[in-house]
Amino acid sequence: MPERTNDPMTGDAVEPPPLRWLDHGIEHSALWRSESGWPAPASVVTGDDSMTAETALRLASTGTAILWTGDFHNAKQLLAAMGKRLGTPVPPRNDDITAAFQRSRVDALRRSTLLGMLLVPVSADGTIPLRRSPDIRQAIAHAWGPAIEASVVSLRELLGVIGAEEWRTRGIDVPALGAKIHPHYGVFSPVRGEYLDLVANAPLPPNASTAFDIGTGTGVLAALLAHRGIRHIVATDQDPRALACATENLDRLGFGPAVTVEKTDLFPDGRADIVVCNPPWIPATPKVATDYAVYDEGGRMLAGFLSGLAEHLTPDGEGWLVISDIAERLGLRSRGDLLDAIEDAGLAVIARMDTRPTHSRATDRTDPLNAARAAEVTSLWRLRADRP
């Protein structure tokens, strides 16, 4: 599978053709689904419980996808065995951290490409026509909408759909809210509580009553501000899934009357006493679907937030930028670059609140990027318009 394909004139993702394959000499076709925008594999063979991980990887490495016809649990075991055979890449000892990061992106893309070649069918009614398959109809409906025709999807991606449905059902505890947030498929889950605590504890500007939450996602930051007593909040996003997710969470928590969820790029009209933004932290090109909440190509969202912030603040208002220094530790952006962008936008730093990560990857010494992750600091930068 090559990387995402886009129309060179519009930049829009190109609609892939239907997936076609032969089974016992009979040609079949079905809708090809790919959240990452991968084109349909040009070569497809069927595979069953007799196939080994070695055979599957050999086929995948030549660009041939395997459409599974056997037992669903055996397909999961095959996928796990393929991943185990690929192993965990270890960068050369002479790699600096930036080179290690770049190498990790190449390795991640290769891994995603090869493991994405194991495919499963999904019937028009949202069921998987394989032995011992789970009931995924609700997960499919939530992720893709009503199924209208038979389709084929990467097993790895389908497992992501199933996992996302479990998160949506169970929810994620947010101690600062005393409640749960329920993320939808394709919407970044607020599993890193340290940055939520920063927003929950930052001092509010005097008499603050209005706020904007830029790139709201699940709506968790808007919910925290409403929980703290901010009476009028506009939460923005461009992703329809995020807009639906935020609306559902805010209504469930009882904050619907205080928060307006609006589809827009960055800022809504007007000014607010608090404008908060937690942009993707790494200025690099997304390669797969799971990258989009973490990678901000060219730092577009960060730059857009900073450059437009001053004109959307009330006279005593504050902008709260929530961002990790992981990009600095990976050599992708310097602290000077960030400070220059703040100054160039006509902003001044009032204060900065810092916290250390608590996630497991910060202590995983097998991670090639452990040195950066272990030293990472997440900050809430309190900014104001720099008026003479």
# chains A, B, ... in the order shown; residues from 1 in each chain; ligands from 1
>>> residues_around(residues="Thr98 (chain A)", least_positions_apart="6", cutoff="12 Å", atoms="only C-alpha atoms", output="JSON, numbers by chain")
{"A": [91, 104, 105, 284, 326, 327, 328, 329, 330, 331, 332, 333, 368, 369, 371, 372]}
>>> residues_around(residues="Leu196 (chain A)", least_positions_apart="6", cutoff="9 Å", atoms="only C-alpha atoms", output="CSV table (one decimal) with N, CA and C atoms, in the first residue's frame")
chain,number,residue,atom,x,y,z
A,174,VAL,N,-12.4,11.3,34.3
A,174,VAL,CA,-11.7,12.6,34.3
A,174,VAL,C,-11.9,13.1,35.8
A,176,ALA,N,-10.8,15.5,37.4
A,176,ALA,CA,-11.1,17.0,37.6
A,176,ALA,C,-12.5,17.3,37.3
A,190,PRO,N,-8.9,11.6,25.7
A,190,PRO,CA,-8.2,12.4,26.7
A,190,PRO,C,-7.6,11.5,27.8
A,220,VAL,N,-13.8,17.9,26.2
A,220,VAL,CA,-13.4,17.8,27.6
A,220,VAL,C,-12.9,19.1,28.2
A,221,LEU,N,-12.2,19.9,27.4
A,221,LEU,CA,-11.7,21.2,27.9
A,221,LEU,C,-12.9,22.2,28.1
A,224,LEU,N,-14.5,21.2,31.3
A,224,LEU,CA,-13.7,21.6,32.5
A,224,LEU,C,-14.0,23.1,32.8
>>> residues_around(residues="Asp23 (chain A)", least_positions_apart="5", cutoff="12 Å", atoms="only C-alpha atoms", output="PyMOL selection string")
chain A and resi 28-29+44-47+66-69
>>> select_by_dssp(residues="region 185-357 of chain A", states="strand (DSSP E or B)", output="PyMOL selection string")
chain A and resi 210-214+232-237+259-263+272-277+282+295+313-324+347-355
>>> write_last_selection(atoms="N, CA and C atoms", output="CSV table (one decimal), in the first residue's frame")
chain,number,residue,atom,x,y,z
A,210,THR,N,-16.7,34.1,29.7
A,210,THR,CA,-16.8,33.6,28.3
A,210,THR,C,-15.5,32.9,28.0
A,211,ALA,N,-15.6,31.9,27.1
A,211,ALA,CA,-14.5,31.1,26.7
A,211,ALA,C,-14.7,30.5,25.3
A,212,PHE,N,-13.6,30.3,24.6
A,212,PHE,CA,-13.6,29.6,23.3
A,212,PHE,C,-12.7,28.3,23.6
A,213,ASP,N,-13.1,27.2,23.1
A,213,ASP,CA,-12.3,26.0,23.1
A,213,ASP,C,-12.0,25.6,21.7
A,214,ILE,N,-10.8,25.8,21.3
A,214,ILE,CA,-10.4,25.7,19.9
A,214,ILE,C,-9.9,24.2,19.6
A,232,HIS,N,-20.5,31.0,29.4
A,232,HIS,CA,-20.8,31.0,28.0
A,232,HIS,C,-19.5,30.6,27.2
A,233,ILE,N,-19.6,29.4,26.6
A,233,ILE,CA,-18.4,28.8,25.9
A,233,ILE,C,-18.8,28.4,24.5
A,234,VAL,N,-17.9,28.7,23.6
A,234,VAL,CA,-18.0,28.2,22.2
A,234,VAL,C,-16.9,27.2,21.9
A,235,ALA,N,-17.3,26.0,21.6
A,235,ALA,CA,-16.3,24.9,21.3
A,235,ALA,C,-16.3,24.7,19.8
A,236,THR,N,-15.1,24.8,19.2
A,236,THR,CA,-15.1,24.7,17.7
A,236,THR,C,-14.3,23.4,17.3
A,237,ASP,N,-14.6,22.9,16.1
A,237,ASP,CA,-13.9,21.9,15.5
A,237,ASP,C,-14.3,21.8,14.0
A,259,VAL,N,-22.6,25.7,26.6
A,259,VAL,CA,-21.6,25.5,25.5
A,259,VAL,C,-22.3,25.4,24.2
A,260,THR,N,-21.9,26.2,23.2
A,260,THR,CA,-22.3,26.1,21.9
A,260,THR,C,-21.2,25.4,21.1
A,261,VAL,N,-21.5,24.3,20.4
A,261,VAL,CA,-20.5,23.6,19.6
A,261,VAL,C,-20.7,24.0,18.1
A,262,GLU,N,-19.6,24.5,17.6
A,262,GLU,CA,-19.7,25.2,16.3
A,262,GLU,C,-18.6,24.6,15.3
A,263,LYS,N,-19.0,24.3,14.1
A,263,LYS,CA,-18.1,23.8,13.1
A,263,LYS,C,-17.4,25.1,12.4
A,272,ALA,N,-13.3,36.5,23.7
A,272,ALA,CA,-13.7,35.7,24.9
A,272,ALA,C,-12.6,36.0,26.0
A,273,ASP,N,-13.0,35.8,27.2
A,273,ASP,CA,-12.1,36.0,28.3
A,273,ASP,C,-11.0,34.9,28.4
A,274,ILE,N,-11.3,33.7,28.0
A,274,ILE,CA,-10.4,32.6,27.9
A,274,ILE,C,-10.5,32.0,26.5
A,275,VAL,N,-9.4,31.8,25.9
A,275,VAL,CA,-9.3,31.0,24.6
A,275,VAL,C,-8.3,29.9,24.8
A,276,VAL,N,-8.8,28.7,24.9
A,276,VAL,CA,-7.9,27.6,25.2
A,276,VAL,C,-7.7,26.7,23.9
A,277,CYS,N,-6.5,26.2,23.7
A,277,CYS,CA,-6.3,25.3,22.6
A,277,CYS,C,-5.2,24.3,23.0
A,282,ILE,N,3.2,17.6,17.7
A,282,ILE,CA,4.4,17.3,16.9
A,282,ILE,C,4.2,17.8,15.4
A,295,TYR,N,0.0,14.7,15.2
A,295,TYR,CA,0.9,15.3,14.2
A,295,TYR,C,0.2,16.5,13.6
A,313,LEU,N,-9.3,38.0,21.9
A,313,LEU,CA,-9.3,38.1,23.4
A,313,LEU,C,-10.0,39.4,23.8
A,314,THR,N,-10.7,39.4,24.9
A,314,THR,CA,-11.2,40.6,25.5
A,314,THR,C,-10.0,41.4,26.1
A,315,PRO,N,-10.2,42.6,26.5
A,315,PRO,CA,-9.1,43.4,27.0
A,315,PRO,C,-8.3,42.7,28.1
A,316,ASP,N,-8.9,42.0,29.0
A,316,ASP,CA,-8.2,41.4,30.1
A,316,ASP,C,-8.2,39.8,29.9
A,317,GLY,N,-8.4,39.4,28.7
A,317,GLY,CA,-8.5,38.0,28.4
A,317,GLY,C,-7.2,37.3,28.3
A,318,GLU,N,-7.2,36.0,28.4
A,318,GLU,CA,-6.0,35.2,28.4
A,318,GLU,C,-6.2,34.0,27.3
A,319,GLY,N,-5.1,33.7,26.6
A,319,GLY,CA,-5.1,32.5,25.8
A,319,GLY,C,-4.3,31.5,26.5
A,320,TRP,N,-4.9,30.3,26.6
A,320,TRP,CA,-4.2,29.1,27.2
A,320,TRP,C,-3.8,28.2,26.2
A,321,LEU,N,-2.5,28.1,25.9
A,321,LEU,CA,-1.9,27.1,25.0
A,321,LEU,C,-1.4,25.9,25.8
A,322,VAL,N,-2.0,24.8,25.5
A,322,VAL,CA,-1.6,23.5,26.2
A,322,VAL,C,-0.8,22.7,25.2
A,323,ILE,N,0.5,22.5,25.5
A,323,ILE,CA,1.4,21.9,24.6
A,323,ILE,C,2.6,21.2,25.3
A,324,SER,N,3.0,20.1,24.8
A,324,SER,CA,4.2,19.4,25.3
A,324,SER,C,5.4,20.0,24.6
A,347,LEU,N,1.8,38.8,21.2
A,347,LEU,CA,1.4,38.2,22.5
A,347,LEU,C,2.5,38.2,23.5
A,348,ALA,N,2.2,38.2,24.8
A,348,ALA,CA,3.2,38.1,25.8
A,348,ALA,C,2.8,37.0,26.8
A,349,VAL,N,3.8,36.4,27.3
A,349,VAL,CA,3.6,35.3,28.3
A,349,VAL,C,3.4,35.8,29.7
A,350,ILE,N,2.2,35.5,30.3
A,350,ILE,CA,2.0,35.9,31.6
A,350,ILE,C,2.6,34.9,32.6
A,351,ALA,N,2.5,33.7,32.3
A,351,ALA,CA,3.0,32.6,33.2
A,351,ALA,C,3.0,31.3,32.5
A,352,ARG,N,3.6,30.3,33.0
A,352,ARG,CA,3.6,29.0,32.5
A,352,ARG,C,3.5,28.0,33.6
A,353,MET,N,2.6,27.0,33.4
A,353,MET,CA,2.4,25.9,34.4
A,353,MET,C,2.9,24.6,33.7
A,354,ASP,N,3.7,23.9,34.4
A,354,ASP,CA,4.3,22.7,33.9
A,354,ASP,C,3.9,21.4,34.6
A,355,THR,N,3.9,20.3,33.9
A,355,THR,CA,3.7,19.0,34.6
A,355,THR,C,4.4,18.0,33.8
>>> residues_around(residues="Arg156 (chain A)", least_positions_apart="6", cutoff="9 Å", atoms="only C-alpha atoms", output="JSON, numbers by chain")
{"A": [76, 79, 112, 115, 116, 117, 118, 119]}
>>> residues_around(residues="Pro129 (chain A)", least_positions_apart="3", cutoff="9 Å", atoms="only C-alpha atoms", output="list in words")
Thr69, Val120, Pro121, Val122, Ser123 and Ser133 of chain A
>>> write_last_selection(atoms="N, CA, C and O atoms", output="PDB file, in the first residue's frame")
ATOM      1  N   THR A  69     -10.918 -15.776   4.939  1.00  0.00           N
ATOM      2  CA  THR A  69     -12.157 -16.541   4.801  1.00  0.00           C
ATOM      3  C   THR A  69     -12.335 -17.547   5.931  1.00  0.00           C
ATOM      4  O   THR A  69     -13.325 -18.283   5.945  1.00  0.00           O
ATOM      5  N   VAL A 120     -10.579  -8.326   6.120  1.00  0.00           N
ATOM      6  CA  VAL A 120     -11.774  -9.107   6.458  1.00  0.00           C
ATOM      7  C   VAL A 120     -12.986  -8.482   5.778  1.00  0.00           C
ATOM      8  O   VAL A 120     -13.039  -7.271   5.557  1.00  0.00           O
ATOM      9  N   PRO A 121     -13.978  -9.320   5.440  1.00  0.00           N
ATOM     10  CA  PRO A 121     -15.206  -8.799   4.834  1.00  0.00           C
ATOM     11  C   PRO A 121     -16.189  -8.319   5.890  1.00  0.00           C
ATOM     12  O   PRO A 121     -16.212  -8.827   7.013  1.00  0.00           O
ATOM     13  N   VAL A 122     -16.988  -7.337   5.535  1.00  0.00           N
ATOM     14  CA  VAL A 122     -18.088  -6.864   6.377  1.00  0.00           C
ATOM     15  C   VAL A 122     -19.344  -6.847   5.511  1.00  0.00           C
ATOM     16  O   VAL A 122     -19.353  -6.234   4.439  1.00  0.00           O
ATOM     17  N   SER A 123     -20.379  -7.521   5.948  1.00  0.00           N
ATOM     18  CA  SER A 123     -21.617  -7.601   5.175  1.00  0.00           C
ATOM     19  C   SER A 123     -22.379  -6.280   5.236  1.00  0.00           C
ATOM     20  O   SER A 123     -22.109  -5.420   6.078  1.00  0.00           O
ATOM     21  N   SER A 133     -17.040 -14.725  14.777  1.00  0.00           N
ATOM     22  CA  SER A 133     -16.865 -13.273  14.706  1.00  0.00           C
ATOM     23  C   SER A 133     -17.748 -12.597  15.752  1.00  0.00           C
ATOM     24  O   SER A 133     -18.842 -13.075  16.064  1.00  0.00           O
TER      25      SER A 133
END
